[in-house]
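Data file: upload36.pdb. Format and content: PDB, C-alpha atoms and all ligand atoms.
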ATOM      1  CA  MET A  12      23.453  93.878 -38.910  1.00  0.00           C
ATOM      2  CA  CYS A  13      24.465  93.711 -35.272  1.00  0.00           C
ATOM      3  CA  SER A  14      24.055  89.971 -35.081  1.00  0.00           C
ATOM      4  CA  LYS A  15      26.121  89.482 -38.221  1.00  0.00           C
ATOM      5  CA  ILE A  16      29.008  91.342 -36.567  1.00  0.00           C
ATOM      6  CA  LEU A  17      28.546  89.200 -33.467  1.00  0.00           C
ATOM      7  CA  ILE A  18      28.644  86.003 -35.476  1.00  0.00           C
ATOM      8  CA  ASP A  19      31.708  87.214 -37.360  1.00  0.00           C
ATOM      9  CA  ASN A  20      33.446  88.039 -34.086  1.00  0.00           C
ATOM     10  CA  GLU A  21      32.539  84.705 -32.578  1.00  0.00           C
ATOM     11  CA  TYR A  22      33.760  82.959 -35.684  1.00  0.00           C
ATOM     12  CA  LEU A  23      37.081  84.806 -35.581  1.00  0.00           C
ATOM     13  CA  GLN A  24      37.493  84.057 -31.892  1.00  0.00           C
ATOM     14  CA  LEU A  25      36.737  80.383 -32.453  1.00  0.00           C
ATOM     15  CA  LYS A  26      39.124  80.226 -35.387  1.00  0.00           C
ATOM     16  CA  LYS A  27      41.873  81.756 -33.240  1.00  0.00           C
ATOM     17  CA  GLU A  28      41.261  79.253 -30.439  1.00  0.00           C
ATOM     18  CA  VAL A  29      41.334  76.275 -32.797  1.00  0.00           C
ATOM     19  CA  ARG A  30      44.559  77.544 -34.352  1.00  0.00           C
ATOM     20  CA  GLU A  31      46.091  77.918 -30.907  1.00  0.00           C
ATOM     21  CA  LEU A  32      45.110  74.445 -29.808  1.00  0.00           C
ATOM     22  CA  MET A  33      46.018  72.686 -33.036  1.00  0.00           C
ATOM     23  CA  GLY A  34      48.963  74.639 -34.276  1.00  0.00           C
ATOM     24  CA  THR A  35      51.038  75.980 -31.432  1.00  0.00           C
ATOM     25  CA  VAL A  36      54.522  75.998 -32.873  1.00  0.00           C
ATOM     26  CA  ILE A  37      57.794  77.625 -31.876  1.00  0.00           C
ATOM     27  CA  ILE A  38      60.110  78.163 -34.831  1.00  0.00           C
ATOM     28  CA  SER A  39      63.825  78.424 -34.136  1.00  0.00           C
ATOM     29  CA  LYS A  40      66.290  79.725 -36.707  1.00  0.00           C
ATOM     30  CA  SER A  41      69.238  77.832 -35.292  1.00  0.00           C
ATOM     31  CA  LEU A  42      70.095  75.020 -32.924  1.00  0.00           C
ATOM     32  CA  SER A  43      71.620  77.539 -30.510  1.00  0.00           C
ATOM     33  CA  GLU A  44      68.407  79.599 -30.492  1.00  0.00           C
ATOM     34  CA  TYR A  45      66.469  76.385 -29.814  1.00  0.00           C
ATOM     35  CA  ASP A  46      68.803  75.456 -26.926  1.00  0.00           C
ATOM     36  CA  PHE A  47      68.657  78.950 -25.506  1.00  0.00           C
ATOM     37  CA  THR A  48      64.832  79.119 -25.553  1.00  0.00           C
ATOM     38  CA  LYS A  49      64.493  75.731 -23.895  1.00  0.00           C
ATOM     39  CA  ASN A  50      67.265  76.192 -21.337  1.00  0.00           C
ATOM     40  CA  SER A  51      66.002  79.635 -20.274  1.00  0.00           C
ATOM     41  CA  PHE A  52      62.549  78.136 -19.819  1.00  0.00           C
ATOM     42  CA  TYR A  53      63.857  75.238 -17.716  1.00  0.00           C
ATOM     43  CA  ASP A  54      66.061  77.529 -15.597  1.00  0.00           C
ATOM     44  CA  SER A  55      63.054  79.707 -14.787  1.00  0.00           C
ATOM     45  CA  VAL A  56      60.803  76.715 -14.101  1.00  0.00           C
ATOM     46  CA  LYS A  57      63.420  75.357 -11.719  1.00  0.00           C
ATOM     47  CA  LYS A  58      63.523  78.654  -9.786  1.00  0.00           C
ATOM     48  CA  VAL A  59      59.716  78.821  -9.667  1.00  0.00           C
ATOM     49  CA  ILE A  60      59.474  75.288  -8.240  1.00  0.00           C
ATOM     50  CA  TYR A  61      62.250  75.805  -5.679  1.00  0.00           C
ATOM     51  CA  THR A  62      60.559  79.043  -4.551  1.00  0.00           C
ATOM     52  CA  GLY A  63      57.158  77.334  -4.328  1.00  0.00           C
ATOM     53  CA  VAL A  64      58.453  74.434  -2.254  1.00  0.00           C
ATOM     54  CA  GLY A  65      60.605  76.801  -0.191  1.00  0.00           C
ATOM     55  CA  SER A  66      57.579  78.839   0.851  1.00  0.00           C
ATOM     56  CA  THR A  67      55.377  75.853   1.753  1.00  0.00           C
ATOM     57  CA  ASP A  68      54.524  75.476   5.438  1.00  0.00           C
ATOM     58  CA  GLU A  69      56.688  72.876   7.239  1.00  0.00           C
ATOM     59  CA  TYR A  70      53.794  70.955   8.763  1.00  0.00           C
ATOM     60  CA  TYR A  71      51.843  70.796   5.507  1.00  0.00           C
ATOM     61  CA  LEU A  72      54.928  69.737   3.573  1.00  0.00           C
ATOM     62  CA  ARG A  73      55.648  66.937   6.028  1.00  0.00           C
ATOM     63  CA  TYR A  74      52.238  65.304   5.709  1.00  0.00           C
ATOM     64  CA  TRP A  75      50.808  66.301   2.344  1.00  0.00           C
ATOM     65  CA  GLY A  76      53.429  67.870   0.122  1.00  0.00           C
ATOM     66  CA  ILE A  77      53.004  71.340  -1.302  1.00  0.00           C
ATOM     67  CA  THR A  78      49.824  73.346  -0.688  1.00  0.00           C
ATOM     68  CA  ASN A  79      47.294  74.023  -3.424  1.00  0.00           C
ATOM     69  CA  ASN A  80      48.116  77.722  -3.159  1.00  0.00           C
ATOM     70  CA  ASN A  81      51.792  77.062  -3.789  1.00  0.00           C
ATOM     71  CA  LEU A  82      50.925  74.700  -6.596  1.00  0.00           C
ATOM     72  CA  TYR A  83      48.652  77.330  -8.138  1.00  0.00           C
ATOM     73  CA  GLU A  84      51.442  79.941  -7.899  1.00  0.00           C
ATOM     74  CA  ILE A  85      53.890  77.566  -9.603  1.00  0.00           C
ATOM     75  CA  CYS A  86      51.423  76.936 -12.441  1.00  0.00           C
ATOM     76  CA  LYS A  87      50.648  80.630 -12.794  1.00  0.00           C
ATOM     77  CA  ARG A  88      54.335  81.391 -13.298  1.00  0.00           C
ATOM     78  CA  ILE A  89      54.729  78.463 -15.724  1.00  0.00           C
ATOM     79  CA  ASN A  90      51.763  79.851 -17.657  1.00  0.00           C
ATOM     80  CA  ASP A  91      53.547  83.227 -17.943  1.00  0.00           C
ATOM     81  CA  LEU A  92      56.757  81.537 -19.060  1.00  0.00           C
ATOM     82  CA  LEU A  93      54.954  79.478 -21.708  1.00  0.00           C
ATOM     83  CA  PHE A  94      53.073  82.511 -22.973  1.00  0.00           C
ATOM     84  CA  GLY A  95      56.423  84.328 -23.137  1.00  0.00           C
ATOM     85  CA  ILE A  96      57.816  81.838 -25.638  1.00  0.00           C
ATOM     86  CA  THR A  97      54.673  80.834 -27.588  1.00  0.00           C
ATOM     87  CA  LYS A  98      52.407  83.955 -27.403  1.00  0.00           C
ATOM     88  CA  PHE A  99      49.471  81.555 -27.326  1.00  0.00           C
ATOM     89  CA  ARG A 100      47.383  82.488 -24.301  1.00  0.00           C
ATOM     90  CA  LYS A 101      44.803  79.699 -24.327  1.00  0.00           C
ATOM     91  CA  TRP A 102      47.325  76.987 -25.071  1.00  0.00           C
ATOM     92  CA  SER A 103      49.668  78.162 -22.286  1.00  0.00           C
ATOM     93  CA  GLU A 104      46.798  78.209 -19.793  1.00  0.00           C
ATOM     94  CA  ASN A 105      45.756  74.702 -20.763  1.00  0.00           C
ATOM     95  CA  ILE A 106      49.252  73.297 -20.341  1.00  0.00           C
ATOM     96  CA  ALA A 107      49.945  75.122 -17.067  1.00  0.00           C
ATOM     97  CA  PHE A 108      46.608  74.729 -15.291  1.00  0.00           C
ATOM     98  CA  GLU A 109      45.358  71.447 -16.751  1.00  0.00           C
ATOM     99  CA  SER A 110      48.458  69.371 -17.394  1.00  0.00           C
ATOM    100  CA  VAL A 111      51.192  70.640 -15.047  1.00  0.00           C
ATOM    101  CA  TYR A 112      48.792  71.211 -12.154  1.00  0.00           C
ATOM    102  CA  VAL A 113      47.411  67.679 -12.402  1.00  0.00           C
ATOM    103  CA  LEU A 114      50.880  66.236 -12.986  1.00  0.00           C
ATOM    104  CA  ILE A 115      52.337  67.643  -9.745  1.00  0.00           C
ATOM    105  CA  GLN A 116      49.185  66.946  -7.752  1.00  0.00           C
ATOM    106  CA  GLY A 117      49.249  63.381  -9.097  1.00  0.00           C
ATOM    107  CA  LEU A 118      52.852  62.972  -8.042  1.00  0.00           C
ATOM    108  CA  PHE A 119      51.985  63.689  -4.399  1.00  0.00           C
ATOM    109  CA  HIS A 120      48.810  61.599  -4.509  1.00  0.00           C
ATOM    110  CA  SER A 121      50.708  58.631  -5.869  1.00  0.00           C
ATOM    111  CA  LEU A 122      53.281  58.915  -3.048  1.00  0.00           C
ATOM    112  CA  ILE A 123      50.842  59.531  -0.214  1.00  0.00           C
ATOM    113  CA  ASP A 124      51.498  56.191   1.549  1.00  0.00           C
ATOM    114  CA  VAL A 125      55.242  56.644   1.563  1.00  0.00           C
ATOM    115  CA  TRP A 126      55.384  60.421   1.682  1.00  0.00           C
ATOM    116  CA  GLU A 127      56.378  60.747   5.345  1.00  0.00           C
ATOM    117  CA  ILE A 128      59.328  58.416   4.795  1.00  0.00           C
ATOM    118  CA  ILE A 129      60.415  60.357   1.703  1.00  0.00           C
ATOM    119  CA  TYR A 130      60.028  63.594   3.646  1.00  0.00           C
ATOM    120  CA  GLU A 131      62.196  62.296   6.515  1.00  0.00           C
ATOM    121  CA  PHE A 132      65.044  61.543   4.147  1.00  0.00           C
ATOM    122  CA  SER A 133      64.739  64.604   1.891  1.00  0.00           C
ATOM    123  CA  SER A 134      65.589  68.253   2.108  1.00  0.00           C
ATOM    124  CA  ARG A 135      63.427  70.968   0.589  1.00  0.00           C
ATOM    125  CA  ASP A 136      65.914  71.119  -2.257  1.00  0.00           C
ATOM    126  CA  GLY A 137      65.524  67.369  -2.707  1.00  0.00           C
ATOM    127  CA  ILE A 138      61.737  67.688  -2.896  1.00  0.00           C
ATOM    128  CA  SER A 139      62.058  70.625  -5.315  1.00  0.00           C
ATOM    129  CA  LYS A 140      64.405  68.585  -7.475  1.00  0.00           C
ATOM    130  CA  MET A 141      61.986  65.660  -7.549  1.00  0.00           C
ATOM    131  CA  ILE A 142      59.131  67.909  -8.735  1.00  0.00           C
ATOM    132  CA  TYR A 143      61.346  69.750 -11.201  1.00  0.00           C
ATOM    133  CA  GLN A 144      62.580  66.523 -12.798  1.00  0.00           C
ATOM    134  CA  HIS A 145      59.008  65.308 -13.128  1.00  0.00           C
ATOM    135  CA  VAL A 146      57.981  68.544 -14.874  1.00  0.00           C
ATOM    136  CA  TYR A 147      61.149  68.565 -17.012  1.00  0.00           C
ATOM    137  CA  TRP A 148      60.467  65.033 -18.182  1.00  0.00           C
ATOM    138  CA  TYR A 149      56.909  66.002 -19.135  1.00  0.00           C
ATOM    139  CA  PHE A 150      57.976  69.053 -21.160  1.00  0.00           C
ATOM    140  CA  GLU A 151      60.832  67.249 -22.888  1.00  0.00           C
ATOM    141  CA  ASN A 152      58.844  64.196 -23.934  1.00  0.00           C
ATOM    142  CA  SER A 153      55.315  65.418 -24.282  1.00  0.00           C
ATOM    143  CA  ILE A 154      55.378  69.097 -25.173  1.00  0.00           C
ATOM    144  CA  PHE A 155      58.586  70.471 -26.652  1.00  0.00           C
ATOM    145  CA  SER A 156      59.155  67.438 -28.861  1.00  0.00           C
ATOM    146  CA  LYS A 157      55.879  68.371 -30.610  1.00  0.00           C
ATOM    147  CA  ILE A 158      55.923  72.138 -30.807  1.00  0.00           C
ATOM    148  CA  PHE A 159      59.499  73.053 -31.725  1.00  0.00           C
ATOM    149  CA  GLN A 160      60.276  73.452 -35.412  1.00  0.00           C
ATOM    150  CA  PHE A 161      63.119  75.018 -37.326  1.00  0.00           C
ATOM    151  CA  GLU A 162      63.599  77.417 -40.202  1.00  0.00           C
ATOM    152  CA  CYS A 163      66.243  76.247 -42.662  1.00  0.00           C
ATOM    153  CA  SER A 164      68.929  78.920 -43.016  1.00  0.00           C
ATOM    154  CA  ARG A 165      69.130  78.379 -46.789  1.00  0.00           C
ATOM    155  CA  CYS A 166      65.659  77.608 -48.222  1.00  0.00           C
ATOM    156  CA  LYS A 167      63.739  79.193 -45.302  1.00  0.00           C
ATOM    157  CA  LYS A 168      61.304  76.263 -45.168  1.00  0.00           C
ATOM    158  CA  THR A 169      59.878  75.202 -41.800  1.00  0.00           C
ATOM    159  CA  VAL A 170      61.148  71.729 -40.996  1.00  0.00           C
ATOM    160  CA  ASP A 171      61.336  69.273 -38.095  1.00  0.00           C
ATOM    161  CA  PHE A 172      65.125  68.978 -38.041  1.00  0.00           C
ATOM    162  CA  ILE A 173      68.172  71.029 -39.020  1.00  0.00           C
ATOM    163  CA  ASP A 174      71.834  70.045 -38.976  1.00  0.00           C
ATOM    164  CA  GLY A 175      74.797  71.736 -37.285  1.00  0.00           C
ATOM    165  CA  SER A 176      74.868  74.370 -40.058  1.00  0.00           C
ATOM    166  CA  ASN A 177      71.182  75.111 -39.426  1.00  0.00           C
ATOM    167  CA  MET A 178      70.131  73.675 -42.790  1.00  0.00           C
ATOM    168  CA  CYS A 179      67.380  71.210 -43.627  1.00  0.00           C
ATOM    169  CA  TYR A 180      68.028  67.702 -44.915  1.00  0.00           C
ATOM    170  CA  GLU A 181      67.583  68.742 -48.581  1.00  0.00           C
ATOM    171  CA  CYS A 182      69.887  71.763 -48.390  1.00  0.00           C
ATOM    172  CA  SER A 183      72.701  70.221 -46.386  1.00  0.00           C
TER     173      SER A 183
HETATM  174 ZN    ZN B 201      66.555  73.999 -46.680  1.00  0.00          ZN
END
Here is a file; write its structure as structure tokens.
Ligand SMILES: [Zn+2]
Amino acid sequence: MCSKILIDNEYLQLKKEVRELMGTVIISKSLSEYDFTKNSFYDSVKKVIYTGVGSTDEYYLRYWGITNNNLYEICKRINDLLFGITKFRKWSENIAFESVYVLIQGLFHSLIDVWEIIYEFSSRDGISKMIYQHVYWYFENSIFSKIFQFECSRCKKTVDFIDGSNMCYECS
């Protein structure tokens, strides 16, 4: 009896995780809602990155870029922001702590030989901007292009594209 409940619970948990990983989708009812969701996310991400870089120790920043603690804080906040718009906990954690973390760390690793020169000619805002644009590019091309969908204002079907009147191809 007990073990059956356990198996059922495990099954439900597993099913939820698979659904999260395979089917994370954000459905917008209009192009303006879609723009608003994305722009609010990017505005917040920008602030998070500027704050993270701003609070990194001068010496560390000069030789190695941002600290792991700062990087972790940035990813933690991005995780919260992603969860805020998708409500998918596991998926948000994966994107924030696996992809974004590695992406930013990789950026500094790839620049290690020229980092001091870049540092000499950059401000903190310049470094923040560089990281932000890297993260923005990733979300635009690799994440949001896959998870955003729309609800047609007429037939209510979920579709990949809507026109300026928020209708699908068939209804417009
Ligand atoms: Zn339609």
Atomic distance atom CA of Ser66 of chain A - atom CA of Ser134 of chain A, expressed in Å with one decimal: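 Separation between atom CA of Ser66 of chain A and atom CA of Ser134 of chain A: 13.3 Å.
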Counting all atoms listed in the file, the option among A:Cys166, A:Tyr74, A:Phe52, A:Trp102 closest to ligand ZN 201 (chain B):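 Looking only at the distances to ligand ZN 201 (chain B), the closest residue turns out to be A:Cys166.
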Selection result for the PyMOL selection byres (((not hetatm)) within 6 of (chain B and resi 201)) on this file, as a VMD selection string: chain A and resid 163 165 to 166 168 178 to 179 181 to 182
Store the residues of this selection in a file with C-alpha atoms, as a short mmCIF file (atom, residue, chain, number, x, y, z; two decimals), in the coordinates of the input.
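Resulting contents of selection.cif:
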data_model
loop_
_atom_site.label_atom_id
_atom_site.label_comp_id
_atom_site.auth_asym_id
_atom_site.auth_seq_id
_atom_site.Cartn_x
_atom_site.Cartn_y
_atom_site.Cartn_z
CA CYS A 163 66.24 76.25 -42.66
CA ARG A 165 69.13 78.38 -46.79
CA CYS A 166 65.66 77.61 -48.22
CA LYS A 168 61.30 76.26 -45.17
CA MET A 178 70.13 73.68 -42.79
CA CYS A 179 67.38 71.21 -43.63
CA GLU A 181 67.58 68.74 -48.58
CA CYS A 182 69.89 71.76 -48.39
#
10 Å contact set for Phe150 of chain A, all atoms listed in the file, chain neighbours under 6 positions out, as a list in words: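 So, after excluding close chain neighbours, the residues are Lys49, Tyr53, Ile106, Val111, Gln144, Ser156 and Lys157 of chain A.
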Explicit residues for the PyMOL selection byres (((chain A and resi 118) around 12) and not hetatm) (as number ranges by chain): A: 75-77, 82, 111-117, 119-126, 138, 141-146
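Atom CA of Ser110 of chain A is found 13.3 Å from atom CA of Asn152 of chain A.
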Non-local contacts of Ser103 of chain A (8 Å; all atoms listed in the file; under 3 positions in same chain excluded) as an MDAnalysis selection string: chainID A and resid 90:91 93:94 97 99:100 106:107
Point (58.9, 77.8, -7.2), cut-off 12 Å, counting all atoms listed in the file, residues as a PyMOL selection string: chain A and resi 53-67+77+80-89+135-136+138-140+142-143
Test item: residues at most 8 Å from segment 41-48 of chain A, all atoms listed in the file, excluding those fewer than 3 positions along its chain, as a list in words: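 Once the adjacent positions are removed, what remains is Ser51, Phe52, Ile96, Phe159, Phe161, Glu162, Ser164, Ile173, Gly175 and Asn177 of chain A.
Each of A:Lys40, A:Leu23, A:Glu151, A:Thr78 was checked against Asp174 of chain A using all atoms listed in the file; the smallest atom-to-atom distance is that of A:Lys40.
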Computed interatomic separation between atom CA of Gln24 of chain A and atom CA of Val36 of chain A (Å): 18.9 Å
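Residue nearest Tyr147 of chain A within the list A:Ser183, A:Asn105, A:Asn50, A:Asn79: A:Asn50 [criterion: smallest interatomic distance, only C-alpha atoms].
Between Tyr130 of chain A and the candidates A:Glu21, A:Ser39, A:Arg73, A:Lys101, the tightest atom-to-atom separation, counting all atoms listed in the file, involves A:Arg73.
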Please enclose the listed atoms of segment 53-61 of chain A in an axis-aligned box, pad each side by 8 Å, and write out the centre and the three edge lengths in Å, rounded to one decimal, as lines of an AutoDock Vina configuration file.
center_x = 62.8
center_y = 77.5
center_z = -11.7
size_x = 22.6
size_y = 20.5
size_z = 28.0
Residue among A:Phe172, A:Tyr71, A:Thr35, A:Asn20 lying closest to Ile158 of chain A, counting all atoms listed in the file: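 So, comparing all the options, the nearest one is A:Thr35.
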